[in-house]
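*Asks:* Contents of work-v9.cif (mmCIF, C-alpha atoms) are below:
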```cif
data_start
loop_
_atom_site.group_PDB
_atom_site.id
_atom_site.type_symbol
_atom_site.label_atom_id
_atom_site.label_comp_id
_atom_site.auth_asym_id
_atom_site.auth_seq_id
_atom_site.Cartn_x
_atom_site.Cartn_y
_atom_site.Cartn_z
ATOM 1 C CA MET A 1 67.094 48.487 2.937
ATOM 2 C CA THR A 2 65.583 49.757 -0.314
ATOM 3 C CA THR A 3 64.756 47.088 -2.888
ATOM 4 C CA PRO A 4 65.914 47.746 -6.456
ATOM 5 C CA ARG A 5 63.316 49.133 -8.814
ATOM 6 C CA TYR A 6 62.420 47.206 -11.953
ATOM 7 C CA ALA A 7 60.287 47.921 -15.028
ATOM 8 C CA ALA A 8 57.983 45.942 -17.307
ATOM 9 C CA ILE A 9 57.753 47.389 -20.828
ATOM 10 C CA THR A 10 55.163 45.956 -23.225
ATOM 11 C CA LEU A 11 55.088 46.890 -26.907
ATOM 12 C CA GLY A 12 51.574 46.168 -28.098
ATOM 13 C CA SER A 13 49.946 46.691 -31.475
ATOM 14 C CA ASN A 14 47.933 49.619 -30.100
ATOM 15 C CA SER A 15 49.770 50.919 -27.025
ATOM 16 C CA PHE A 16 53.252 50.860 -25.518
ATOM 17 C CA ASN A 17 53.200 50.598 -21.715
ATOM 18 C CA MET A 18 55.750 50.773 -18.919
ATOM 19 C CA LEU A 19 55.256 49.921 -15.250
ATOM 20 C CA VAL A 20 57.939 50.717 -12.680
ATOM 21 C CA ALA A 21 57.796 48.840 -9.389
ATOM 22 C CA GLU A 22 59.651 47.637 -6.337
ATOM 23 C CA THR A 23 58.956 44.539 -4.257
ATOM 24 C CA VAL A 24 57.140 45.015 -0.947
ATOM 25 C CA ALA A 25 56.243 41.959 1.178
ATOM 26 C CA GLY A 26 57.011 39.706 -1.768
ATOM 27 C CA GLN A 27 54.660 41.522 -4.159
ATOM 28 C CA PRO A 28 55.339 44.196 -6.800
ATOM 29 C CA LYS A 29 54.303 47.670 -5.676
ATOM 30 C CA ILE A 30 53.793 49.941 -8.704
ATOM 31 C CA ILE A 31 55.663 53.245 -8.394
ATOM 32 C CA ALA A 32 54.891 54.764 -11.800
ATOM 33 C CA LYS A 33 52.937 54.069 -14.990
ATOM 34 C CA TYR A 34 53.650 55.335 -18.501
ATOM 35 C CA LYS A 35 51.586 54.751 -21.631
ATOM 36 C CA ARG A 36 51.411 56.014 -25.195
ATOM 37 C CA LYS A 37 49.025 55.169 -28.037
ATOM 38 C CA VAL A 38 51.547 54.235 -30.729
ATOM 39 C CA ARG A 39 49.150 52.154 -32.906
ATOM 40 C CA LEU A 40 51.891 50.161 -34.596
ATOM 41 C CA ALA A 41 49.366 47.987 -36.450
ATOM 42 C CA GLU A 42 48.284 51.046 -38.469
ATOM 43 C CA GLY A 43 51.702 51.114 -40.127
ATOM 44 C CA ILE A 44 51.782 47.624 -41.662
ATOM 45 C CA GLN A 45 52.287 48.045 -45.416
ATOM 46 C CA ASP A 46 51.265 45.785 -48.307
ATOM 47 C CA ASN A 47 54.715 44.185 -48.318
ATOM 48 C CA GLY A 48 54.331 43.168 -44.671
ATOM 49 C CA SER A 49 56.831 45.662 -43.277
ATOM 50 C CA LEU A 50 56.207 48.515 -40.856
ATOM 51 C CA SER A 51 56.309 51.981 -42.422
ATOM 52 C CA GLU A 52 59.227 54.212 -41.442
ATOM 53 C CA GLU A 53 56.848 56.840 -40.035
ATOM 54 C CA VAL A 54 55.156 54.426 -37.621
ATOM 55 C CA LEU A 55 58.413 52.634 -36.812
ATOM 56 C CA GLN A 56 59.863 55.995 -35.787
ATOM 57 C CA ARG A 57 56.740 56.683 -33.723
ATOM 58 C CA GLY A 58 57.516 53.531 -31.750
ATOM 59 C CA LEU A 59 61.186 54.446 -31.306
ATOM 60 C CA ASP A 60 60.228 57.943 -30.105
ATOM 61 C CA CYS A 61 58.075 56.369 -27.411
ATOM 62 C CA LEU A 62 60.956 54.116 -26.353
ATOM 63 C CA SER A 63 63.174 57.214 -26.046
ATOM 64 C CA MET A 64 60.628 58.696 -23.642
ATOM 65 C CA PHE A 65 60.575 55.420 -21.684
ATOM 66 C CA ALA A 66 64.396 55.464 -21.517
ATOM 67 C CA GLU A 67 64.329 58.962 -19.997
ATOM 68 C CA MET A 68 61.752 57.827 -17.436
ATOM 69 C CA LEU A 69 63.866 54.772 -16.527
ATOM 70 C CA GLU A 70 66.695 57.165 -15.659
ATOM 71 C CA GLU A 71 64.386 59.452 -13.739
ATOM 72 C CA GLU A 72 62.881 56.556 -11.750
ATOM 73 C CA GLY A 73 66.307 55.066 -10.984
ATOM 74 C CA VAL A 74 65.776 51.726 -12.722
ATOM 75 C CA ASP A 75 68.874 49.692 -13.573
ATOM 76 C CA ARG A 76 68.753 48.509 -17.215
ATOM 77 C CA ASN A 77 69.544 44.987 -15.950
ATOM 78 C CA HIS A 78 66.231 45.000 -14.094
ATOM 79 C CA ILE A 79 63.850 45.518 -17.000
ATOM 80 C CA ALA A 80 61.867 43.258 -19.317
ATOM 81 C CA VAL A 81 60.873 44.473 -22.794
ATOM 82 C CA ILE A 82 58.146 42.348 -24.356
ATOM 83 C CA ALA A 83 56.741 42.728 -27.887
ATOM 84 C CA THR A 84 53.495 41.175 -29.137
ATOM 85 C CA ALA A 85 51.436 40.631 -32.309
ATOM 86 C CA THR A 86 52.553 43.414 -34.663
ATOM 87 C CA ILE A 87 56.283 43.185 -33.999
ATOM 88 C CA ARG A 88 56.209 39.395 -34.224
ATOM 89 C CA SER A 89 54.441 39.577 -37.603
ATOM 90 C CA ILE A 90 56.148 42.422 -39.500
ATOM 91 C CA ALA A 91 58.873 41.719 -42.061
ATOM 92 C CA ASN A 92 61.245 44.302 -40.559
ATOM 93 C CA SER A 93 60.953 43.288 -36.897
ATOM 94 C CA ASP A 94 64.743 42.688 -36.755
ATOM 95 C CA GLU A 95 65.334 46.277 -37.850
ATOM 96 C CA PHE A 96 62.961 47.630 -35.212
ATOM 97 C CA CYS A 97 64.694 45.601 -32.493
ATOM 98 C CA ARG A 98 68.172 46.627 -33.737
ATOM 99 C CA ARG A 99 67.294 50.334 -33.685
ATOM 100 C CA ALA A 100 65.599 50.039 -30.281
ATOM 101 C CA LEU A 101 68.559 48.346 -28.567
ATOM 102 C CA PRO A 102 70.779 51.440 -28.093
ATOM 103 C CA ILE A 103 67.752 53.439 -26.912
ATOM 104 C CA LEU A 104 66.735 51.064 -24.118
ATOM 105 C CA GLY A 105 70.083 49.372 -23.537
ATOM 106 C CA HIS A 106 68.157 46.097 -23.327
ATOM 107 C CA PRO A 107 67.021 43.654 -26.026
ATOM 108 C CA ILE A 108 63.362 43.244 -26.968
ATOM 109 C CA GLU A 109 61.877 39.804 -26.416
ATOM 110 C CA ILE A 110 59.266 38.989 -29.073
ATOM 111 C CA ILE A 111 56.875 36.511 -27.457
ATOM 112 C CA THR A 112 54.473 34.038 -29.047
ATOM 113 C CA GLY A 113 50.716 34.490 -28.792
ATOM 114 C CA MET A 114 50.566 31.538 -26.396
ATOM 115 C CA ARG A 115 53.176 33.060 -24.088
ATOM 116 C CA GLU A 116 51.270 36.334 -24.249
ATOM 117 C CA ALA A 117 48.110 34.497 -23.146
ATOM 118 C CA GLU A 118 49.968 32.967 -20.172
ATOM 119 C CA LEU A 119 51.271 36.350 -19.041
ATOM 120 C CA ILE A 120 47.826 37.962 -19.445
ATOM 121 C CA TYR A 121 46.323 35.288 -17.213
ATOM 122 C CA GLN A 122 49.135 35.679 -14.672
ATOM 123 C CA GLY A 123 48.525 39.437 -14.594
ATOM 124 C CA MET A 124 44.773 38.916 -14.157
ATOM 125 C CA VAL A 125 45.187 36.432 -11.292
ATOM 126 C CA ALA A 126 47.633 38.740 -9.491
ATOM 127 C CA THR A 127 45.249 41.710 -9.592
ATOM 128 C CA THR A 128 41.661 40.427 -9.766
ATOM 129 C CA CYS A 129 39.685 38.766 -6.988
ATOM 130 C CA GLY A 130 37.406 35.894 -7.934
ATOM 131 C CA GLU A 131 36.770 32.200 -7.600
ATOM 132 C CA GLY A 132 35.861 29.388 -9.946
ATOM 133 C CA ARG A 133 36.663 28.913 -13.598
ATOM 134 C CA ARG A 134 37.199 32.183 -15.459
ATOM 135 C CA LEU A 135 37.291 33.074 -19.136
ATOM 136 C CA VAL A 136 39.700 35.936 -19.781
ATOM 137 C CA ILE A 137 39.405 37.891 -23.041
ATOM 138 C CA ASP A 138 42.100 40.390 -24.011
ATOM 139 C CA ILE A 139 41.319 42.348 -27.193
ATOM 140 C CA GLY A 140 44.555 43.932 -28.335
ATOM 141 C CA GLY A 141 45.423 45.983 -31.384
ATOM 142 C CA ALA A 142 46.152 43.048 -33.709
ATOM 143 C CA SER A 143 45.373 39.908 -31.695
ATOM 144 C CA THR A 144 42.872 38.679 -29.149
ATOM 145 C CA GLU A 145 43.789 36.219 -26.438
ATOM 146 C CA PHE A 146 41.354 33.776 -24.826
ATOM 147 C CA ILE A 147 42.331 32.010 -21.619
ATOM 148 C CA ILE A 148 40.248 29.729 -19.407
ATOM 149 C CA GLY A 149 41.725 29.076 -15.992
ATOM 150 C CA ASP A 150 40.922 28.028 -12.463
ATOM 151 C CA GLY A 151 42.962 29.731 -9.778
ATOM 152 C CA ASP A 152 46.607 29.748 -10.914
ATOM 153 C CA LYS A 153 46.046 26.919 -13.390
ATOM 154 C CA VAL A 154 45.583 27.648 -17.109
ATOM 155 C CA LEU A 155 43.201 25.125 -18.691
ATOM 156 C CA LEU A 156 43.075 26.557 -22.221
ATOM 157 C CA LYS A 157 44.802 29.376 -24.085
ATOM 158 C CA ASN A 158 44.480 30.768 -27.604
ATOM 159 C CA SER A 159 45.781 33.803 -29.463
ATOM 160 C CA LEU A 160 43.878 34.737 -32.622
ATOM 161 C CA ALA A 161 44.612 37.318 -35.322
ATOM 162 C CA MET A 162 41.920 39.933 -34.711
ATOM 163 C CA GLY A 163 42.217 43.251 -32.919
ATOM 164 C CA CYS A 164 40.797 46.746 -32.640
ATOM 165 C CA VAL A 165 43.458 48.448 -34.794
ATOM 166 C CA THR A 166 43.347 45.897 -37.628
ATOM 167 C CA PHE A 167 39.509 45.763 -37.530
ATOM 168 C CA ASN A 168 39.444 49.549 -37.617
ATOM 169 C CA GLU A 169 41.485 49.492 -40.834
ATOM 170 C CA HIS A 170 39.292 46.827 -42.462
ATOM 171 C CA PHE A 171 35.749 47.695 -41.357
ATOM 172 C CA PHE A 172 35.527 51.131 -39.690
ATOM 173 C CA ASN A 173 37.594 53.537 -41.776
ATOM 174 C CA SER A 174 34.783 55.318 -43.631
ATOM 175 C CA PHE A 175 32.223 57.584 -41.924
ATOM 176 C CA PRO A 176 29.357 57.600 -41.324
ATOM 177 C CA LEU A 177 29.528 53.976 -40.186
ATOM 178 C CA GLN A 178 26.731 51.551 -41.057
ATOM 179 C CA GLU A 179 25.084 48.498 -39.517
ATOM 180 C CA LEU A 180 26.678 46.439 -42.293
ATOM 181 C CA ASP A 181 30.157 47.353 -40.979
ATOM 182 C CA PHE A 182 29.317 45.677 -37.675
ATOM 183 C CA GLU A 183 27.847 42.643 -39.472
ATOM 184 C CA ASP A 184 30.993 42.266 -41.576
ATOM 185 C CA ALA A 185 33.143 42.513 -38.444
ATOM 186 C CA LYS A 186 31.034 39.848 -36.713
ATOM 187 C CA SER A 187 31.466 37.510 -39.682
ATOM 188 C CA ARG A 188 35.242 37.956 -39.463
ATOM 189 C CA VAL A 189 35.200 37.211 -35.712
ATOM 190 C CA LYS A 190 33.181 34.031 -36.324
ATOM 191 C CA GLN A 191 35.518 32.978 -39.117
ATOM 192 C CA THR A 192 38.622 33.661 -37.000
ATOM 193 C CA LEU A 193 37.268 31.772 -33.988
ATOM 194 C CA GLY A 194 36.479 28.761 -36.186
ATOM 195 C CA THR A 195 36.883 25.477 -34.320
ATOM 196 C CA HIS A 196 38.141 27.307 -31.201
ATOM 197 C CA LEU A 197 34.543 28.355 -30.554
ATOM 198 C CA THR A 198 33.412 24.801 -29.773
ATOM 199 C CA GLU A 199 36.537 24.174 -27.697
ATOM 200 C CA LEU A 200 35.885 27.257 -25.552
ATOM 201 C CA LYS A 201 32.185 26.532 -25.031
ATOM 202 C CA THR A 202 32.794 22.854 -24.246
ATOM 203 C CA LEU A 203 35.226 23.672 -21.437
ATOM 204 C CA GLY A 204 32.941 26.405 -20.046
ATOM 205 C CA TRP A 205 33.415 28.984 -17.280
ATOM 206 C CA HIS A 206 31.694 30.571 -14.301
ATOM 207 C CA CYS A 207 32.447 34.212 -15.119
ATOM 208 C CA VAL A 208 34.083 36.339 -17.814
ATOM 209 C CA VAL A 209 36.831 38.887 -17.277
ATOM 210 C CA GLY A 210 37.935 41.374 -19.930
ATOM 211 C CA ALA A 211 41.365 42.952 -20.184
ATOM 212 C CA SER A 212 42.983 45.610 -22.413
ATOM 213 C CA GLY A 213 41.933 48.972 -23.801
ATOM 214 C CA SER A 214 38.793 47.906 -25.670
ATOM 215 C CA VAL A 215 37.139 46.745 -22.453
ATOM 216 C CA GLN A 216 38.657 49.571 -20.429
ATOM 217 C CA SER A 217 37.299 52.212 -22.831
ATOM 218 C CA VAL A 218 33.752 50.946 -22.236
ATOM 219 C CA VAL A 219 34.258 50.748 -18.451
ATOM 220 C CA GLU A 220 35.678 54.294 -18.323
ATOM 221 C CA LEU A 221 32.711 55.572 -20.316
ATOM 222 C CA LEU A 222 30.185 53.828 -18.029
ATOM 223 C CA SER A 223 31.989 55.100 -14.949
ATOM 224 C CA HIS A 224 31.925 58.655 -16.325
ATOM 225 C CA ARG A 225 28.145 58.283 -16.740
ATOM 226 C CA ASN A 226 27.788 56.953 -13.163
ATOM 227 C CA GLN A 227 26.447 53.647 -14.475
ATOM 228 C CA SER A 228 27.273 50.076 -13.524
ATOM 229 C CA THR A 229 30.643 49.104 -15.013
ATOM 230 C CA SER A 230 29.536 45.545 -15.794
ATOM 231 C CA ILE A 231 29.383 45.177 -19.584
ATOM 232 C CA THR A 232 26.224 43.502 -20.921
ATOM 233 C CA PRO A 233 24.726 42.995 -24.408
ATOM 234 C CA ASP A 234 22.317 45.893 -23.750
ATOM 235 C CA VAL A 235 25.220 48.202 -22.912
ATOM 236 C CA LEU A 236 27.090 47.231 -26.083
ATOM 237 C CA ASN A 237 24.043 47.584 -28.332
ATOM 238 C CA ARG A 238 23.316 51.055 -26.949
ATOM 239 C CA LEU A 239 26.928 52.086 -27.564
ATOM 240 C CA LYS A 240 26.772 50.684 -31.103
ATOM 241 C CA GLN A 241 23.761 52.908 -31.809
ATOM 242 C CA GLU A 242 25.660 55.920 -30.465
ATOM 243 C CA VAL A 243 28.620 55.035 -32.729
ATOM 244 C CA LEU A 244 26.315 54.798 -35.775
ATOM 245 C CA GLU A 245 25.072 58.339 -35.041
ATOM 246 C CA GLN A 246 28.596 59.843 -35.178
ATOM 247 C CA SER A 247 29.675 61.790 -38.242
ATOM 248 C CA ASP A 248 33.450 61.462 -37.904
ATOM 249 C CA LEU A 249 36.301 59.597 -36.247
ATOM 250 C CA SER A 250 36.509 61.931 -33.237
ATOM 251 C CA MET A 251 33.135 60.630 -31.924
ATOM 252 C CA GLU A 252 33.094 63.753 -29.787
ATOM 253 C CA HIS A 253 29.368 63.451 -29.070
ATOM 254 C CA ILE A 254 29.730 60.140 -27.211
ATOM 255 C CA VAL A 255 29.670 61.290 -23.583
ATOM 256 C CA GLY A 256 32.484 59.853 -21.476
ATOM 257 C CA LEU A 257 34.583 58.515 -24.350
ATOM 258 C CA ASN A 258 38.278 59.331 -23.947
ATOM 259 C CA HIS A 259 39.411 61.072 -27.163
ATOM 260 C CA GLU A 260 42.537 58.871 -27.301
ATOM 261 C CA ARG A 261 40.352 55.762 -27.412
ATOM 262 C CA ALA A 262 37.944 57.132 -30.050
ATOM 263 C CA PRO A 263 39.828 55.913 -33.181
ATOM 264 C CA THR A 264 39.464 52.211 -32.241
ATOM 265 C CA PHE A 265 36.251 52.415 -30.194
ATOM 266 C CA ALA A 266 33.872 51.163 -32.915
ATOM 267 C CA ALA A 267 36.149 48.223 -33.734
ATOM 268 C CA GLY A 268 36.393 47.250 -30.072
ATOM 269 C CA ILE A 269 32.614 47.402 -29.662
ATOM 270 C CA SER A 270 32.159 45.249 -32.783
ATOM 271 C CA ILE A 271 34.495 42.515 -31.502
ATOM 272 C CA LEU A 272 32.879 42.538 -28.064
ATOM 273 C CA LEU A 273 29.370 42.335 -29.555
ATOM 274 C CA ALA A 274 30.370 39.391 -31.741
ATOM 275 C CA LEU A 275 32.029 37.540 -28.851
ATOM 276 C CA PHE A 276 29.046 38.124 -26.540
ATOM 277 C CA GLU A 277 26.754 36.580 -29.156
ATOM 278 C CA LEU A 278 29.004 33.712 -30.267
ATOM 279 C CA LEU A 279 30.058 32.709 -26.748
ATOM 280 C CA ASN A 280 26.659 33.406 -25.113
ATOM 281 C CA ILE A 281 28.183 35.892 -22.651
ATOM 282 C CA ASP A 282 25.687 37.786 -20.513
ATOM 283 C CA LYS A 283 28.108 39.862 -18.423
ATOM 284 C CA LEU A 284 31.775 40.828 -18.462
ATOM 285 C CA ASN A 285 33.822 42.746 -15.877
ATOM 286 C CA LEU A 286 37.170 44.484 -16.235
ATOM 287 C CA SER A 287 40.302 42.728 -15.029
ATOM 288 C CA GLY A 288 42.573 44.525 -12.591
ATOM 289 C CA GLY A 289 45.556 43.729 -14.798
ATOM 290 C CA ALA A 290 46.758 41.839 -17.863
ATOM 291 C CA LEU A 291 49.960 41.487 -19.891
ATOM 292 C CA ARG A 292 52.071 44.237 -18.328
ATOM 293 C CA GLU A 293 51.097 43.146 -14.803
ATOM 294 C CA GLY A 294 51.955 39.554 -15.735
ATOM 295 C CA VAL A 295 55.415 40.646 -16.928
ATOM 296 C CA LEU A 296 55.834 42.690 -13.743
ATOM 297 C CA GLN A 297 54.903 39.653 -11.611
ATOM 298 C CA SER A 298 57.506 37.592 -13.458
ATOM 299 C CA LEU A 299 60.152 40.233 -12.709
ATOM 300 C CA ALA A 300 59.109 40.301 -9.035
ATOM 301 C CA ASN A 301 59.378 36.530 -8.809
ATOM 302 C CA ARG A 302 62.860 36.715 -10.317
ATOM 303 C CA SER A 303 64.025 39.417 -7.897
#
```
Could you render the structure from this file as structure tokens?

*Replies:*
Amino acid sequence: MTTPRYAAITLGSNSFNMLVAETVAGQPKIIAKYKRKVRLAEGIQDNGSLSEEVLQRGLDCLSMFAEMLEEEGVDRNHIAVIATATIRSIANSDEFCRRALPILGHPIEIITGMREAELIYQGMVATTCGEGRRLVIDIGGASTEFIIGDGDKVLLKNSLAMGCVTFNEHFFNSFPLQELDFEDAKSRVKQTLGTHLTELKTLGWHCVVGASGSVQSVVELLSHRNQSTSITPDVLNRLKQEVLEQSDLSMEHIVGLNHERAPTFAAGISILLALFELLNIDKLNLSGGALREGVLQSLANRS
């Protein structure tokens, strides 16, 4: 007997993602993956609303997802549509959700930063081997989540307003980039962490796991260069120097950098560098999964 297929759709500030799966031996088996760099956070205007151009960009992506749901044979009753930082913060989020409803045939659930952190941790645990207390860092487009957990148990969770798309707009939008841009970004990270910094360091961890595109872009680059994919301060400092040598946003001379990840690469490196220094991190490895895998696990548990 064939199990029904289900889909987890996550609407992030940088990317929209969709995973299609079916349950095999009690676990979700991924059948198909779809992703598009929508960069919603780029479209936030001075009045706090999302521009029509970027809003439409998001709806166009959802139309593509809807076509793929049909193609993959997913019943609209078996999907979850989760929105994060940008959609929960914009003034016209109700309009976005209203216009998206007839496209997907399913309402969008706008989750809190704390719920997002829980799902990220759930997705990490389901996909990443490891023992002991782990710090999970997920640098998104407009927010960064910090979770400390041990096994299935979450010990601490935070969601803070800093991300690679918003940092790109504030600190890395004028080339050539300068050392001062990275220093300014680090100051903002320190300011945003505030009292959470002491809380994180007091609880402590045995190892650090990174999720999301900012970490993945570095890992892909290192893999392309046949280097160790563990991220260290030396790795990040070398990449910062390469970024400072680039003359434009394409960063085409950075070997192994995916062109789709180039626009937010500098911002991601700046946040990682600041966190490594402030949290005394000496090594970070990529998680096997994060938010979308956490949503998928929740759907599997339900089915």

*Asks:* With all atoms listed in the file as the counted atoms, please give the residues lying no more than 7 Å from range 172-185 of chain A, apart from itself and same-chain residues fewer than 4 positions off, as a short mmCIF file (atom, residue, chain, number, x, y, z; two decimals) with C-alpha atoms, keeping the file's coordinate frame.

*Replies:*
```cif
data_model
loop_
_atom_site.label_atom_id
_atom_site.label_comp_id
_atom_site.auth_asym_id
_atom_site.auth_seq_id
_atom_site.Cartn_x
_atom_site.Cartn_y
_atom_site.Cartn_z
CA ASN A 168 39.44 49.55 -37.62
CA VAL A 189 35.20 37.21 -35.71
CA LEU A 244 26.32 54.80 -35.78
CA GLN A 246 28.60 59.84 -35.18
CA SER A 247 29.68 61.79 -38.24
CA ASP A 248 33.45 61.46 -37.90
CA ALA A 266 33.87 51.16 -32.92
CA ALA A 267 36.15 48.22 -33.73
CA SER A 270 32.16 45.25 -32.78
#
```

*Asks:* Listing only residues of range 143-189 of chain A within 10 Å of range 201-205 of chain A, what is the closest atom pair and its distance in Å (to one decimal) for each, using only C-alpha atoms, sorted by chain and residue number ascending, as a tab-separated table?

*Replies:*
```
residue	atom	partner	partner_atom	distance
A:Ile148	CA	A:Trp205	CA	7.2
A:Gly149	CA	A:Trp205	CA	8.4
A:Asp150	CA	A:Trp205	CA	9.0
A:Leu155	CA	A:Leu203	CA	8.6
A:Leu156	CA	A:Leu203	CA	8.4
```

*Asks:* Would you translate the PyMOL selection byres ((chain A and resi 209) around 9) into the concrete set of residues it matches in this file, as a list of chain:residue names?

*Replies:*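 Evaluating the PyMOL selection byres ((chain A and resi 209) around 9) on this file yields A:Met124, A:Arg134, A:Leu135, A:Val136, A:Ile137, A:Asp138, A:Cys207, A:Val208, A:Gly210, A:Ala211, A:Lys283, A:Leu284, A:Asn285, A:Leu286, A:Ser287.
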
*Asks:* List the residues selected by the PyMOL selection byres ((chain A and resi 112) around 9) in the file shown, writing them as a ChimeraX atom specification.

*Replies:* /A:84-85,88,110-111,113-117,159

*Asks:* To one decimal in Å, tell me the separation between CA of Leu278 in chain A and CA of Pro233 in chain A.

*Replies:* 11.8 Å

*Asks:* Which polymer residues have any atom within 10 Å of an atom of Leu299 in chain A, counting all atoms listed in the file, with same-chain residues fewer than 6 positions away left out, as a list in words?

*Replies:*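 Close residues of Leu299 in chain A: Tyr6, Ala7, Ala8, Ala21, Glu22, Thr23, Pro28, His78, Ile79, Ala80 and Glu293 of chain A.
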
*Asks:* I'd like the residues picked by the PyMOL selection byres ((chain A and resi 215-224) around 12) written out as a ChimeraX atom specification, using the chain letters and numbers from the file.

*Replies:* /A:136-140,144,164,208-214,225-232,235-240,254-273,284-290

*Asks:* Record the distance separating CA of His106 in chain A and CA of Gly43 in chain A, expressed in Å with one decimal.

*Replies:*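 About the pair CA of His106 in chain A and CA of Gly43 in chain A: they are 24.0 Å apart.
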
*Asks:* Taking (67.0, 43.8, -35.0) in the file's coordinates, which residues come within 12 Å, counting only C-alpha atoms, written as an MDAnalysis selection string?

*Replies:* chainID A and resid 87:88 90:102 106:110
